[in-house]
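One structure is given here, and the rest of the page talks about it.
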2 protein chains.
Amino acid sequence: MKIQTHKEHFTNPLYLESGRILEPYDLVYETYGELNEKKDNVIVVCHALTGSHHASGRYEGESKPGWWDPMIGDGKPIDTTKYFVICVNTIGSCFGSTGPMSAEYPSDKPYRLRFPVVTISDMVKAQRILFDRLGIHKAEAIIGGSMGGMQTLAFAIEHPRFAKKHIILASTYATQPWAIAFNKVAREAVISDPAFQGGNYNPEDIKNYGFSGLAVGRMCGHISYLSPDSMDKKFGRNYVETDGLYELFGRYQVERYLDYNGKNFVQWFDPLSFLYITKAINNFDATRNYDSLEDSLSRIESEVVLISFKSDLLFMPKEMKKIHDTLVKIGKKDSTKYIEIDSDYGHDAFLVEYDKFSHFVKEEL
Amino acid sequence: MKIQTHKEHFTNPLYLESGRILEPYDLVYETYGELNEKKDNVIVVCHALTGSHHASGRYEGESKPGWWDPMIGDGKPIDTTKYFVICVNTIGSCFGSTGPMSAEYPSDKPYRLRFPVVTISDMVKAQRILFDRLGIHKAEAIIGGSMGGMQTLAFAIEHPRFAKKHIILASTYATQPWAIAFNKVAREAVISDPAFQGGNYNPEDIKNYGFSGLAVGRMCGHISYLSPDSMDKKFGRNYVETDGLYELFGRYQVERYLDYNGKNFVQWFDPLSFLYITKAINNFDATRNYDSLEDSLSRIESEVVLISFKSDLLFMPKEMKKIHDTLVKIGKKDSTKYIEIDSDYGHDAFLVEYDKFSHFVKEEL
């Protein structure tokens, strides 16, 4: 599989949903496989909150491959011998595309809190402009889980003639208060940490000295990514040090897991990007600029495949089913499919239980 | 209804499960109704994590009555014309019973982190010693929800001849990793806040200047007390300021709810008590000193009534049902009852949806 990473620079203004403008801006993206002559063997993969354009393959020195490595590659469900796969780092993120820590032109100082609020639609719009520059005007499919699923749905509604098929995993039509509440705890933990310094933190300092607010926020996120059952299986009531039960700070295994993932997160994700992207997730509502969900989904002209996971407690199966049922209701029965995967893994299932859903993706492509 | 608040001082050592000793210690408690001559018309009410001995009635100047006011009083489900009701503030708490901010005798300085880890069994043991002093050697019933339910179950197992009936609401036989994870985020938020000062905070300072870690911790708790459905009904996707959608810190109603409850919590609960009591909850495991749940429950000689709430995501109905099923399995079918209440309110239901469960309690008494 041929992997390439690119950065594109745009000087035309990006008109955001908020009315604000991003100008200039960069988009970093990764591609897998080769673009055919007609430039139409394209599959777009959209990443989640903390994901990046690096969806597959492993670069020299990397301890882990891209976040959806089992899904993308030669002979894999998203088959790079057939397709040209492209994954774009969203605007607002911190892996090379323009985000709150990018320089605010013409200064060389980062935007920080002056960065505009971006939405899922803005992320999608920027990707579409990139594809246009690359001469890509058609895609076979767009696919994504969680926030990637929101982008996929936004593509389907707002760019209805671009892709033939949209595959949405573990996502929703509108972020519900339960998910907003998890984000709230995380956001509040970040903002109220003195290390945040009202957004004026030094990125090197927080890597060296830690940023407990971001760590706590990530821990809270991890609860919502798992499920009671997956925690039971993974950790049970196991204790880290068996004799530490009566020490106030003695830890259960589940606590160690959260500690590790929380504290590690600070090393690879930016607090301001975290705030901006969780805001984009909170604000996601496919009905916002329409009269109703029926109205917004009626703009879709492609096939829509919805894959939900039974134990997903962040974006529940019923939210996914509502998309399907609404599509059926408005006469799109033949172009939609709803698959509910029996999994204990919770929201994380789309990044873990490949054997349970990857064959569905393979069939669809 | 006659309400009285008392404080009892104990100079005999309290031998804790950890092997450590609490000496001397105080217990604050509230009583409702009148004790009969035989001192056996007693109902013990056990409070939850942030509850107190003040379970019913309203004192002058109070904005809210006790935490289970609709349940306890003349003619109420726990009828004070018939029963003498007693509710004891648990050790480790911060409403008058000995806790981490109590003076460490013989000094006049607070224990802070030198306070020993206390367990649910320790809380129950201390109560039993208090009842003994009051000449109460029998109770009609013990009742409690959440951590109060843990105390109730511990009473049933460890003091099997004290009460005739134990009514446990929204609780568990052993705290599962899902609940420990919520506590972990909350505990970590508290500990990592510089305002905690390694446990050496000034209580007045945090009331005046805030303690964001405790606020964040409480917010996280509130997620686990509610449910996706109750949040949908209560808040939906409503925004506080409709024009603030594109402001990074603009808030949804669910965020305002969490903000209010989180920030308010700092005014009335102590961070160290929060750490000690969440530790007691995490450590609760009715099987710990026994071979199995069958073994521990086989010590019970009373009736056990279990009331769970369908949407409770903190202590799930299946955990409560396991207590019931195990009791049935070991031949106690005639002395146990399992009731699952159809409620959307999540864990908080036992403090909210009185009309759905209070008649069951009334019937049982």
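Labels for the structure tokens follow display order: chains A, B, ..., residues from 1 in each chain, ligands from 1.
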Reference chain B, mobile chain A, all Cα atoms fitted, written as a tab-separated table (two decimals) with C-alpha atoms, in the first residue's frame:
chain	number	residue	atom	x	y	z
A	1	MET	CA	-43.47	14.98	64.11
A	2	LYS	CA	-40.87	15.45	66.81
A	3	ILE	CA	-37.39	16.04	65.39
A	4	GLN	CA	-34.25	16.02	67.50
A	5	THR	CA	-30.60	16.32	66.65
A	6	HIS	CA	-27.96	14.92	68.97
A	7	LYS	CA	-24.25	14.40	69.15
A	8	GLU	CA	-22.76	11.48	71.06
A	9	HIS	CA	-19.12	11.35	72.08
A	10	PHE	CA	-17.34	7.99	72.33
A	11	THR	CA	-14.02	7.53	74.09
A	12	ASN	CA	-13.80	3.78	73.54
A	13	PRO	CA	-11.72	3.01	70.46
A	14	LEU	CA	-13.53	2.14	67.25
A	15	TYR	CA	-11.62	-0.74	65.69
A	16	LEU	CA	-11.69	-0.24	61.95
A	17	GLU	CA	-11.60	-2.88	59.23
A	18	SER	CA	-8.18	-1.57	58.18
A	19	GLY	CA	-6.71	-2.45	61.55
A	20	ARG	CA	-6.51	1.19	62.50
A	21	ILE	CA	-8.32	2.78	65.41
A	22	LEU	CA	-10.54	5.83	65.67
A	23	GLU	CA	-10.42	7.22	69.20
A	24	PRO	CA	-12.23	9.20	70.37
A	25	TYR	CA	-15.05	9.85	67.92
A	26	ASP	CA	-18.38	11.61	67.65
A	27	LEU	CA	-21.59	10.61	65.95
A	28	VAL	CA	-24.26	13.11	65.04
A	29	TYR	CA	-27.74	11.80	64.44
A	30	GLU	CA	-31.29	12.95	64.00
A	31	THR	CA	-34.44	11.26	65.24
A	32	TYR	CA	-38.06	11.57	64.15
A	33	GLY	CA	-41.05	10.48	66.21
A	34	GLU	CA	-40.87	8.89	69.64
A	35	LEU	CA	-39.15	5.82	70.94
A	36	ASN	CA	-41.60	3.44	72.62
A	37	GLU	CA	-41.00	1.98	76.03
A	38	LYS	CA	-39.60	-1.29	74.72
A	39	LYS	CA	-37.32	0.75	72.47
A	40	ASP	CA	-38.13	-1.47	69.52
A	41	ASN	CA	-40.23	0.70	67.22
A	42	VAL	CA	-37.05	1.77	65.49
A	43	ILE	CA	-36.37	2.35	61.83
A	44	VAL	CA	-32.83	3.19	60.81
A	45	VAL	CA	-32.36	5.30	57.70
A	46	CYS	CA	-28.89	5.27	56.12
A	47	HIS	CA	-27.71	8.18	54.00
A	48	ALA	CA	-25.81	8.29	50.71
A	49	LEU	CA	-22.40	9.76	49.76
A	50	THR	CA	-23.23	13.42	50.25
A	51	GLY	CA	-26.23	12.98	52.53
A	52	SER	CA	-26.36	13.70	56.22
A	53	HIS	CA	-28.27	12.79	59.36
A	54	HIS	CA	-30.78	15.50	58.40
A	55	ALA	CA	-33.17	13.26	56.50
A	56	SER	CA	-36.49	14.98	57.10
A	57	GLY	CA	-38.14	18.16	58.31
A	58	ARG	CA	-37.04	21.72	57.79
A	59	TYR	CA	-35.23	23.84	60.34
A	60	GLU	CA	-35.77	27.55	60.57
A	61	GLY	CA	-33.80	29.34	57.88
A	62	GLU	CA	-33.29	26.24	55.76
A	63	SER	CA	-34.12	26.59	52.09
A	64	LYS	CA	-34.68	22.85	51.65
A	65	PRO	CA	-35.98	20.15	53.98
A	66	GLY	CA	-34.01	16.98	54.81
A	67	TRP	CA	-32.95	14.77	51.91
A	68	TRP	CA	-35.78	12.20	52.28
A	69	ASP	CA	-38.47	14.49	53.60
A	70	PRO	CA	-41.31	13.02	51.50
A	71	MET	CA	-40.52	9.60	52.97
A	72	ILE	CA	-40.28	10.32	56.70
A	73	GLY	CA	-42.98	11.96	58.80
A	74	ASP	CA	-46.42	11.64	60.31
A	75	GLY	CA	-48.50	9.54	57.93
A	76	LYS	CA	-45.67	9.33	55.42
A	77	PRO	CA	-44.33	5.99	54.12
A	78	ILE	CA	-41.93	5.82	57.06
A	79	ASP	CA	-44.61	6.83	59.53
A	80	THR	CA	-43.37	8.72	62.57
A	81	THR	CA	-46.67	8.29	64.38
A	82	LYS	CA	-45.72	4.61	64.58
A	83	TYR	CA	-41.99	4.51	64.35
A	84	PHE	CA	-38.99	6.14	65.93
A	85	VAL	CA	-36.76	6.91	62.98
A	86	ILE	CA	-33.05	7.50	63.35
A	87	CYS	CA	-30.51	8.68	60.80
A	88	VAL	CA	-26.82	8.83	61.69
A	89	ASN	CA	-24.20	10.90	59.89
A	90	THR	CA	-21.55	8.35	58.87
A	91	ILE	CA	-18.02	8.53	60.14
A	92	GLY	CA	-15.80	10.10	57.49
A	93	SER	CA	-18.53	12.57	56.55
A	94	CYS	CA	-18.51	16.31	57.23
A	95	PHE	CA	-21.76	17.08	59.04
A	96	GLY	CA	-20.67	16.59	62.63
A	97	SER	CA	-19.61	12.97	62.92
A	98	THR	CA	-15.86	12.40	63.09
A	99	GLY	CA	-14.21	12.80	59.70
A	100	PRO	CA	-10.93	13.87	58.16
A	101	MET	CA	-11.38	17.52	59.21
A	102	SER	CA	-12.07	16.61	62.85
A	103	ALA	CA	-9.35	17.30	65.39
A	104	GLU	CA	-6.89	14.45	65.81
A	105	TYR	CA	-6.91	13.90	69.57
A	106	PRO	CA	-5.03	15.01	71.63
A	107	SER	CA	-4.09	17.81	69.22
A	108	ASP	CA	-6.60	20.38	68.05
A	109	LYS	CA	-5.44	20.00	64.44
A	110	PRO	CA	-7.53	18.18	61.86
A	111	TYR	CA	-6.54	14.70	60.77
A	112	ARG	CA	-6.66	15.59	57.07
A	113	LEU	CA	-4.81	12.81	55.20
A	114	ARG	CA	-3.87	11.09	58.46
A	115	PHE	CA	-7.51	10.11	58.86
A	116	PRO	CA	-7.84	6.34	58.48
A	117	VAL	CA	-9.62	4.80	55.51
A	118	VAL	CA	-13.09	3.86	56.70
A	119	THR	CA	-15.36	1.27	55.15
A	120	ILE	CA	-19.09	0.76	54.89
A	121	SER	CA	-18.74	-1.91	57.60
A	122	ASP	CA	-17.00	0.63	59.83
A	123	MET	CA	-19.84	3.11	59.32
A	124	VAL	CA	-22.34	0.44	60.29
A	125	LYS	CA	-20.31	-0.74	63.27
A	126	ALA	CA	-20.17	2.82	64.64
A	127	GLN	CA	-23.95	3.15	64.26
A	128	ARG	CA	-24.50	-0.12	66.08
A	129	ILE	CA	-22.37	1.10	68.99
A	130	LEU	CA	-24.43	4.29	69.11
A	131	PHE	CA	-27.69	2.33	69.14
A	132	ASP	CA	-26.34	0.21	71.94
A	133	ARG	CA	-25.63	3.31	74.00
A	134	LEU	CA	-29.16	4.53	73.32
A	135	GLY	CA	-30.53	1.23	74.61
A	136	ILE	CA	-31.74	0.25	71.17
A	137	HIS	CA	-31.08	-3.43	70.55
A	138	LYS	CA	-33.73	-4.16	67.95
A	139	ALA	CA	-35.04	-2.37	64.89
A	140	GLU	CA	-38.11	-2.95	62.81
A	141	ALA	CA	-36.25	-2.07	59.67
A	142	ILE	CA	-33.17	-0.51	58.16
A	143	ILE	CA	-33.50	1.32	54.88
A	144	GLY	CA	-31.22	3.23	52.56
A	145	GLY	CA	-30.45	4.07	48.94
A	146	SER	CA	-27.13	4.11	47.10
A	147	MET	CA	-24.37	4.16	49.74
A	148	GLY	CA	-27.24	3.99	52.25
A	149	GLY	CA	-28.20	0.70	50.61
A	150	MET	CA	-24.64	-0.57	51.05
A	151	GLN	CA	-24.86	0.21	54.76
A	152	THR	CA	-28.23	-1.52	54.89
A	153	LEU	CA	-26.82	-4.66	53.26
A	154	ALA	CA	-23.81	-4.57	55.58
A	155	PHE	CA	-26.19	-4.32	58.56
A	156	ALA	CA	-28.07	-7.36	57.29
A	157	ILE	CA	-24.93	-9.46	56.85
A	158	GLU	CA	-22.85	-8.28	59.78
A	159	HIS	CA	-25.55	-7.61	62.38
A	160	PRO	CA	-28.07	-10.25	61.35
A	161	ARG	CA	-30.20	-10.19	64.48
A	162	PHE	CA	-30.53	-6.43	64.83
A	163	ALA	CA	-33.31	-5.60	62.36
A	164	LYS	CA	-36.27	-7.61	61.11
A	165	LYS	CA	-36.22	-6.16	57.64
A	166	HIS	CA	-33.70	-4.50	55.34
A	167	ILE	CA	-34.85	-2.35	52.45
A	168	ILE	CA	-32.14	-1.57	49.93
A	169	LEU	CA	-32.69	0.93	47.11
A	170	ALA	CA	-30.55	1.70	44.06
A	171	SER	CA	-27.45	0.00	45.39
A	172	THR	CA	-25.22	-3.00	44.85
A	173	TYR	CA	-23.52	-5.97	46.52
A	174	ALA	CA	-20.12	-4.74	45.34
A	175	THR	CA	-19.16	-1.52	43.59
A	176	GLN	CA	-18.42	-2.30	39.95
A	177	PRO	CA	-15.62	-0.74	37.84
A	178	TRP	CA	-18.08	1.53	36.03
A	179	ALA	CA	-18.96	3.28	39.31
A	180	ILE	CA	-15.33	3.24	40.45
A	181	ALA	CA	-14.43	4.96	37.16
A	182	PHE	CA	-16.87	7.83	37.81
A	183	ASN	CA	-15.45	8.18	41.30
A	184	LYS	CA	-11.94	8.10	39.85
A	185	VAL	CA	-12.55	11.11	37.62
A	186	ALA	CA	-14.07	12.96	40.55
A	187	ARG	CA	-11.29	12.01	42.98
A	188	GLU	CA	-8.59	12.84	40.46
A	189	ALA	CA	-10.16	16.24	39.80
A	190	VAL	CA	-10.09	16.98	43.55
A	191	ILE	CA	-6.55	15.76	44.18
A	192	SER	CA	-4.99	17.44	41.17
A	193	ASP	CA	-6.50	20.85	41.87
A	194	PRO	CA	-3.72	23.04	43.32
A	195	ALA	CA	-6.37	24.40	45.72
A	196	PHE	CA	-6.34	20.97	47.40
A	197	GLN	CA	-2.79	21.71	48.58
A	198	GLY	CA	-2.09	18.07	49.27
A	199	GLY	CA	-5.00	18.08	51.71
A	200	ASN	CA	-3.88	21.21	53.54
A	201	TYR	CA	-6.50	23.56	52.14
A	202	ASN	CA	-8.18	26.14	54.32
A	203	PRO	CA	-11.92	25.28	54.34
A	204	GLU	CA	-12.90	28.94	54.42
A	205	ASP	CA	-10.68	29.74	51.45
A	206	ILE	CA	-12.26	27.15	49.23
A	207	LYS	CA	-15.72	28.39	50.14
A	208	ASN	CA	-14.70	31.94	49.30
A	209	TYR	CA	-12.49	31.36	46.31
A	210	GLY	CA	-13.91	28.12	44.94
A	211	PHE	CA	-12.40	24.70	44.41
A	212	SER	CA	-12.88	23.84	40.79
A	213	GLY	CA	-11.61	20.28	41.19
A	214	LEU	CA	-14.40	19.44	43.62
A	215	ALA	CA	-16.89	21.19	41.32
A	216	VAL	CA	-15.71	19.13	38.34
A	217	GLY	CA	-15.86	15.99	40.47
A	218	ARG	CA	-19.42	16.73	41.46
A	219	MET	CA	-20.39	17.38	37.84
A	220	CYS	CA	-19.04	13.97	36.92
A	221	GLY	CA	-21.07	12.46	39.75
A	222	HIS	CA	-24.21	14.15	38.47
A	223	ILE	CA	-23.83	12.44	35.10
A	224	SER	CA	-23.91	9.09	36.85
A	225	TYR	CA	-26.93	10.10	38.94
A	226	LEU	CA	-28.99	10.96	35.88
A	227	SER	CA	-29.69	9.00	32.72
A	228	PRO	CA	-29.67	9.78	29.01
A	229	ASP	CA	-33.48	9.79	29.04
A	230	SER	CA	-33.84	12.04	32.05
A	231	MET	CA	-31.36	14.48	30.50
A	232	ASP	CA	-33.32	14.43	27.24
A	233	LYS	CA	-36.49	15.31	29.11
A	234	LYS	CA	-34.91	17.82	31.46
A	235	PHE	CA	-32.65	19.66	29.04
A	236	GLY	CA	-32.80	18.37	25.49
A	237	ARG	CA	-30.46	20.39	23.30
A	238	ASN	CA	-31.68	23.68	24.74
A	239	TYR	CA	-29.19	26.49	24.80
A	240	VAL	CA	-28.85	29.02	27.59
A	241	GLU	CA	-28.31	32.01	25.33
A	242	THR	CA	-29.69	31.24	21.90
A	243	ASP	CA	-27.17	33.49	20.20
A	244	GLY	CA	-24.17	31.96	21.95
A	245	LEU	CA	-23.89	28.85	19.81
A	246	TYR	CA	-20.73	30.03	18.12
A	247	GLU	CA	-19.05	31.23	21.28
A	248	LEU	CA	-16.56	28.73	22.59
A	249	PHE	CA	-17.88	29.00	26.14
A	250	GLY	CA	-21.57	29.38	25.29
A	251	ARG	CA	-23.59	26.87	27.26
A	252	TYR	CA	-26.28	24.28	26.75
A	253	GLN	CA	-28.83	23.98	29.55
A	254	VAL	CA	-27.34	20.69	30.65
A	255	GLU	CA	-24.01	22.50	31.02
A	256	ARG	CA	-25.59	25.21	33.14
A	257	TYR	CA	-27.18	22.53	35.34
A	258	LEU	CA	-23.81	20.87	35.90
A	259	ASP	CA	-22.11	24.23	36.48
A	260	TYR	CA	-24.63	25.20	39.10
A	261	ASN	CA	-24.55	21.92	40.96
A	262	GLY	CA	-20.80	21.58	40.71
A	263	LYS	CA	-19.94	25.04	41.92
A	264	ASN	CA	-22.58	24.98	44.64
A	265	PHE	CA	-21.27	21.69	46.02
A	266	VAL	CA	-18.06	23.36	47.17
A	267	GLN	CA	-20.13	25.46	49.60
A	268	TRP	CA	-21.52	22.51	51.49
A	269	PHE	CA	-19.25	19.50	51.17
A	270	ASP	CA	-15.71	18.90	52.27
A	271	PRO	CA	-13.12	17.68	49.70
A	272	LEU	CA	-11.42	15.28	52.09
A	273	SER	CA	-14.72	13.75	53.19
A	274	PHE	CA	-15.46	13.35	49.50
A	275	LEU	CA	-12.23	11.40	49.02
A	276	TYR	CA	-12.76	9.21	52.08
A	277	ILE	CA	-16.37	8.40	51.37
A	278	THR	CA	-15.86	7.66	47.67
A	279	LYS	CA	-13.05	5.34	48.79
A	280	ALA	CA	-15.48	3.61	51.15
A	281	ILE	CA	-17.91	3.20	48.25
A	282	ASN	CA	-15.21	1.88	45.91
A	283	ASN	CA	-14.10	-0.60	48.56
A	284	PHE	CA	-17.60	-1.87	49.24
A	285	ASP	CA	-17.78	-5.55	48.43
A	286	ALA	CA	-20.14	-7.71	50.44
A	287	THR	CA	-18.08	-10.74	49.45
A	288	ARG	CA	-14.69	-9.47	50.60
A	289	ASN	CA	-14.47	-11.22	53.94
A	290	TYR	CA	-16.36	-14.27	52.74
A	291	ASP	CA	-15.84	-17.10	50.28
A	292	SER	CA	-18.57	-15.88	47.97
A	293	LEU	CA	-21.74	-13.83	47.80
A	294	GLU	CA	-23.68	-16.98	48.72
A	295	ASP	CA	-21.51	-17.29	51.78
A	296	SER	CA	-21.92	-13.69	52.92
A	297	LEU	CA	-25.65	-13.54	52.25
A	298	SER	CA	-26.18	-16.82	54.08
A	299	ARG	CA	-25.52	-14.93	57.31
A	300	ILE	CA	-28.66	-12.86	56.82
A	301	GLU	CA	-31.56	-13.74	59.12
A	302	SER	CA	-33.98	-10.95	58.17
A	303	GLU	CA	-36.21	-10.07	55.27
A	304	VAL	CA	-34.43	-8.30	52.43
A	305	VAL	CA	-36.35	-6.08	50.05
A	306	LEU	CA	-34.50	-4.81	46.98
A	307	ILE	CA	-35.84	-1.85	45.02
A	308	SER	CA	-33.97	-1.01	41.84
A	309	PHE	CA	-34.64	1.55	39.13
A	310	LYS	CA	-34.60	0.52	35.50
A	311	SER	CA	-32.58	3.46	34.21
A	312	ASP	CA	-30.07	3.49	37.09
A	313	LEU	CA	-26.72	3.57	35.33
A	314	LEU	CA	-24.62	3.81	38.48
A	315	PHE	CA	-25.86	0.77	40.37
A	316	MET	CA	-27.67	-1.26	37.77
A	317	PRO	CA	-30.80	-3.32	38.36
A	318	LYS	CA	-28.86	-6.47	37.51
A	319	GLU	CA	-26.56	-5.88	40.48
A	320	MET	CA	-29.57	-5.64	42.78
A	321	LYS	CA	-31.16	-8.64	41.15
A	322	LYS	CA	-28.02	-10.64	41.80
A	323	ILE	CA	-28.53	-10.10	45.54
A	324	HIS	CA	-32.11	-11.32	45.22
A	325	ASP	CA	-31.24	-14.29	43.02
A	326	THR	CA	-28.43	-15.33	45.31
A	327	LEU	CA	-30.75	-15.17	48.34
A	328	VAL	CA	-33.24	-17.33	46.48
A	329	LYS	CA	-30.48	-19.73	45.49
A	330	ILE	CA	-29.41	-20.24	49.08
A	331	GLY	CA	-32.93	-21.02	50.23
A	332	LYS	CA	-34.13	-17.60	51.38
A	333	LYS	CA	-36.86	-17.27	48.77
A	334	ASP	CA	-39.56	-16.51	51.33
A	335	SER	CA	-37.66	-13.68	52.94
A	336	THR	CA	-36.59	-11.68	49.90
A	337	LYS	CA	-38.36	-9.53	47.37
A	338	TYR	CA	-37.07	-7.79	44.25
A	339	ILE	CA	-38.89	-4.80	42.81
A	340	GLU	CA	-37.72	-3.07	39.64
A	341	ILE	CA	-39.23	0.37	39.21
A	342	ASP	CA	-39.84	1.62	35.70
A	343	SER	CA	-38.23	5.02	35.85
A	344	ASP	CA	-36.33	7.32	33.51
A	345	TYR	CA	-34.69	9.23	36.33
A	346	GLY	CA	-31.58	7.12	36.63
A	347	HIS	CA	-29.85	6.64	39.94
A	348	ASP	CA	-31.44	9.79	41.36
A	349	ALA	CA	-34.89	8.17	41.15
A	350	PHE	CA	-34.75	7.15	44.82
A	351	LEU	CA	-34.53	10.85	45.70
A	352	VAL	CA	-37.03	12.03	43.10
A	353	GLU	CA	-39.69	9.60	41.94
A	354	TYR	CA	-41.38	9.03	45.28
A	355	ASP	CA	-44.74	8.27	43.70
A	356	LYS	CA	-43.23	5.26	41.98
A	357	PHE	CA	-41.63	3.52	44.96
A	358	SER	CA	-42.85	5.03	48.24
A	359	HIS	CA	-45.97	2.83	48.36
A	360	PHE	CA	-43.74	-0.25	48.24
A	361	VAL	CA	-41.83	1.05	51.24
A	362	LYS	CA	-45.09	1.85	53.03
A	363	GLU	CA	-46.41	-1.66	52.40
A	364	GLU	CA	-43.24	-3.22	53.71
A	365	LEU	CA	-43.38	-1.31	56.97
Discussion item. For the structure I just gave you, how does DSSP split region 36-269 of chain B - specifically, which residues are strand (DSSP E)? Reply as number ranges by chain.
Written reply: B: 42-46, 72-73, 78-79, 84-88, 139-145, 163-169
With C-alpha atoms retained, could you export that selection as a tab-separated table (two decimals), in the first residue's frame?
chain	number	residue	atom	x	y	z
B	42	VAL	CA	-37.04	1.78	65.48
B	43	ILE	CA	-36.37	2.36	61.81
B	44	VAL	CA	-32.83	3.20	60.80
B	45	VAL	CA	-32.37	5.31	57.69
B	46	CYS	CA	-28.89	5.28	56.11
B	72	ILE	CA	-40.28	10.32	56.70
B	73	GLY	CA	-42.97	11.97	58.82
B	78	ILE	CA	-41.93	5.83	57.05
B	79	ASP	CA	-44.61	6.85	59.52
B	84	PHE	CA	-38.99	6.15	65.92
B	85	VAL	CA	-36.75	6.94	62.94
B	86	ILE	CA	-33.05	7.53	63.33
B	87	CYS	CA	-30.51	8.68	60.80
B	88	VAL	CA	-26.81	8.84	61.69
B	139	ALA	CA	-35.03	-2.35	64.89
B	140	GLU	CA	-38.10	-2.94	62.80
B	141	ALA	CA	-36.24	-2.06	59.67
B	142	ILE	CA	-33.18	-0.50	58.15
B	143	ILE	CA	-33.51	1.32	54.88
B	144	GLY	CA	-31.22	3.22	52.55
B	145	GLY	CA	-30.45	4.05	48.94
B	163	ALA	CA	-33.30	-5.60	62.36
B	164	LYS	CA	-36.27	-7.60	61.10
B	165	LYS	CA	-36.23	-6.16	57.65
B	166	HIS	CA	-33.71	-4.50	55.33
B	167	ILE	CA	-34.87	-2.36	52.44
B	168	ILE	CA	-32.15	-1.56	49.92
B	169	LEU	CA	-32.70	0.92	47.10
Worksheet item: Which of region 107-337 of chain B counts as alpha helix (DSSP H) under DSSP, as JSON, numbers by chain please?
Response: {"B": [120, 121, 122, 123, 124, 125, 126, 127, 128, 129, 130, 131, 132, 133, 147, 148, 149, 150, 151, 152, 153, 154, 155, 156, 157, 158, 177, 178, 179, 180, 181, 182, 183, 184, 185, 186, 187, 188, 189, 190, 191, 192, 203, 204, 205, 206, 207, 208, 209, 212, 213, 214, 215, 216, 217, 218, 219, 220, 221, 222, 223, 224, 225, 228, 229, 230, 231, 232, 233, 234, 253, 254, 255, 256, 257, 258, 259, 260, 261, 262, 263, 264, 265, 266, 267, 268, 271, 272, 273, 274, 275, 276, 277, 278, 279, 280, 281, 282, 283, 293, 294, 295, 296, 297, 317, 318, 319, 320, 321, 322, 323, 324, 325, 326, 327, 328, 329]}
